[in-house]
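Inspection log for the structure reproduced underneath, given as C-alpha cells.
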Amino acid sequence: MSTMQPDAISGQSSPPRKTSFARLGTALFLGTALEWYDYFVYGVAAALVLNKLFFPTYNPTVGTLFAFGTFASAWLMRPLGAFIFGHLGDRLGRRSVLFMTLIGMGVATIATGLLPTYDQIGFWAPLLLVLFRMIQGLSAGGEFSGVATMSIEHAPPHLRGRYTSVAQMGIPAALVGANLVSLAAYYMPEDALESYGWRIPFLVSALIFPIALFIRLKLEESPVFEEKKAENALVSNPAREVIRNHWRTMLALGFANGGLGAAFYAYSTYAVNYGSAEAGLAKTTVLMAVIVAGLVHLACVGIVGWNSDRIGPKRVFLSALTVLAVAPIPVFWIIHTGHPIAIIAAMIIGLGIGHGVAYSVTALLFTTVFPPELRYTGSAITYQVSAALLSGPVPIVMAALVGAGGGTPWYAAIFLMGICTAGLIGAILLDPAARKSRAVAAARGEV
C-alpha cells in the first residue's frame, strides 16, 4: 500500500507552479462557466417548451413532469460521475479528466440543440434527450472537484483562496447567463420559441466550446500530482481508501455542502416558482431578481475569495452559513409580500450574499481536507452525493411544504433553516473530523 504524504496544507511547500495565474484562471473560469451554463440552461428549456416538443402524447401536466424528470436524471448521474472521474483524476491526472468533462458536457449540450423533436423521429426524441441529459450529469459530477483540485495544486500556499475564487466565479456567471436566456425567451413569440428559439441557448455553447477546449488543453498537469506520481505514491483504489479512512471528514463535509446547496437551489430555483405562483409576481420580475442576485453572487465570490487567504476561509464559511441558517424566514416573508423591489433585496440577501460569500471558499475547504492522493475522489464523491441527497430534493420538498401550509412559506422556510443549520454544524465539525480521519489513517501506516 502506498505511503501518503501531506501537501502544503499540512506544512510542506508545494512544487513550483508551471502554469501562470492568468492562463490557469482563464482556462478554469471559461470551462466552468460553459459547463454549468449548459447544465442550468436545460432547466429553462424544460420549463418552457420541452414538454410540448418531446412529450406531446401526454397532457401538459404529465409532459411537464416528464421534462423535469429528464432534468432530474442528471442528479442520478452526478454521483456516478464523481466516482468515475474522481478515480481517473487521482490515477491518471487532473488535466486529462477536466478535458473529458468539458468534452462530455459540450458535446451533449450541442447535440441537444440539434436534436429532432417527437414529431420528427418519434420516441427516439425523448430517449436521446434523456441520454444527452445523463451525459451532462455524468460530466458535471467530475467538474467541480477537478477545477478545485487543479486550482489549489497550482497555487502558492498563501494564495489558494485567490486562485480557487477565480475558477469558482464561473458558476454564478453561468447562473446569470442561463437566467438571461430564460428572460429573453419569455419575450419571444410562442411559435418562434417552439420552432427554433429553444435551440439557440444550447447552440450558443458551440461558440464558446472550442475556445474553452483549446485553453484547457494548454494547461499543464498539476505539479502536486506529478510529484506524487514520480514518488510512486498514487493509490490503486482511491474510493475505497477515502471511504475507509476519511468517512468522518466526508460526513461532516457532506452536511456542510448539503446545507449550502439547499440554500442555492431554494433561492435560484424554487423561489422563482414561489414568487410567481404564490406571491403573484410576474415570472420575469422573479427572473430579474435572480439575475441581480447572481451578479452580487459573482462579485462576492471574486472579492471575498480573493481576500480569503488573509481573512481565513473557515471564518468566511462559518459566517456565511450562519447567515444562511437564519435567513429563510425573513427572505421568504419579503418574497411573500409581492413587492418587486423587495424580492430583489431578498434574493440578494439569500442567494447573492449568503450563498455567494460561503461559495467563495468552498473549493479551498472541500479539497484541502483530503490528502493529495485522494483529493479528487474524496471531494468529488462527498460533493456530489451530498448534493444529490440533501440539496437536489429541496425545491420539491419546499413545494410540498408550501402546499401543506396553504400557500404560505413558513413550513418551507423552517425546513430550509433546519437543513442550513445542519450544514453549519457539519462545517463546525469539519476540522475535528479531518484530524480524526488523518489519525486513523496514520495508525494504519497509510499517511
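Ordering of the C-alpha cells sets the chain letters (A, B, ...); residue numbers start at 1 within each chain; ligands are numbered from 1 in the order shown.
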Rows by chain and residue number, stretch 339-376 of chain A within 8 Å of stretch 221-240 of chain A, shortest pair, only C-alpha atoms, as a tab-separated table:
residue	atom	partner	partner_atom	distance
A:Pro372	CA	A:Phe225	CA	7.3
A:Glu373	CA	A:Leu234	CA	5.7
A:Leu374	CA	A:Pro238	CA	5.6
- [ ] Just give me the gap between atom CA of A:Leu219 and atom CA of A:Val204 in Å, one decimal is fine.
- [x]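 Computed distance, atom CA of A:Leu219 to atom CA of A:Val204, equals 24.1 Å.
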Open item on the list: Excluding stretch 352-366 of chain A and its own-chain neighbours fewer than 6 positions away, which residues fall within 8 Å of it when counting only C-alpha atoms? Please give them as an MDAnalysis selection string.
Closed with: chainID A and resid 144:145 148:149 152 160:161 164:165 168 253 260 263:264 293:298 300:302 304:305 308 313:314 316:321 323:324 379
- [ ] Do a neighbour search on stretch 415-432 of chain A at 9 Å with only C-alpha atoms, toss out local chain neighbours closer than 3 positions, and write the hits as a PyMOL selection string.
- [x] chain A and resi 248-263+266+314+317-318+321-322+324-329+369+390+394+397-398+401+410-412+435-437
TODO: Can you list, as a ChimeraX atom specification, all residues belonging to stretch 217-360 of chain A that DSSP tags as helix (DSSP H, G or I)?
DONE: /A:217,223-230,238-245,247-277,283-311,313-326,328-337,340-359
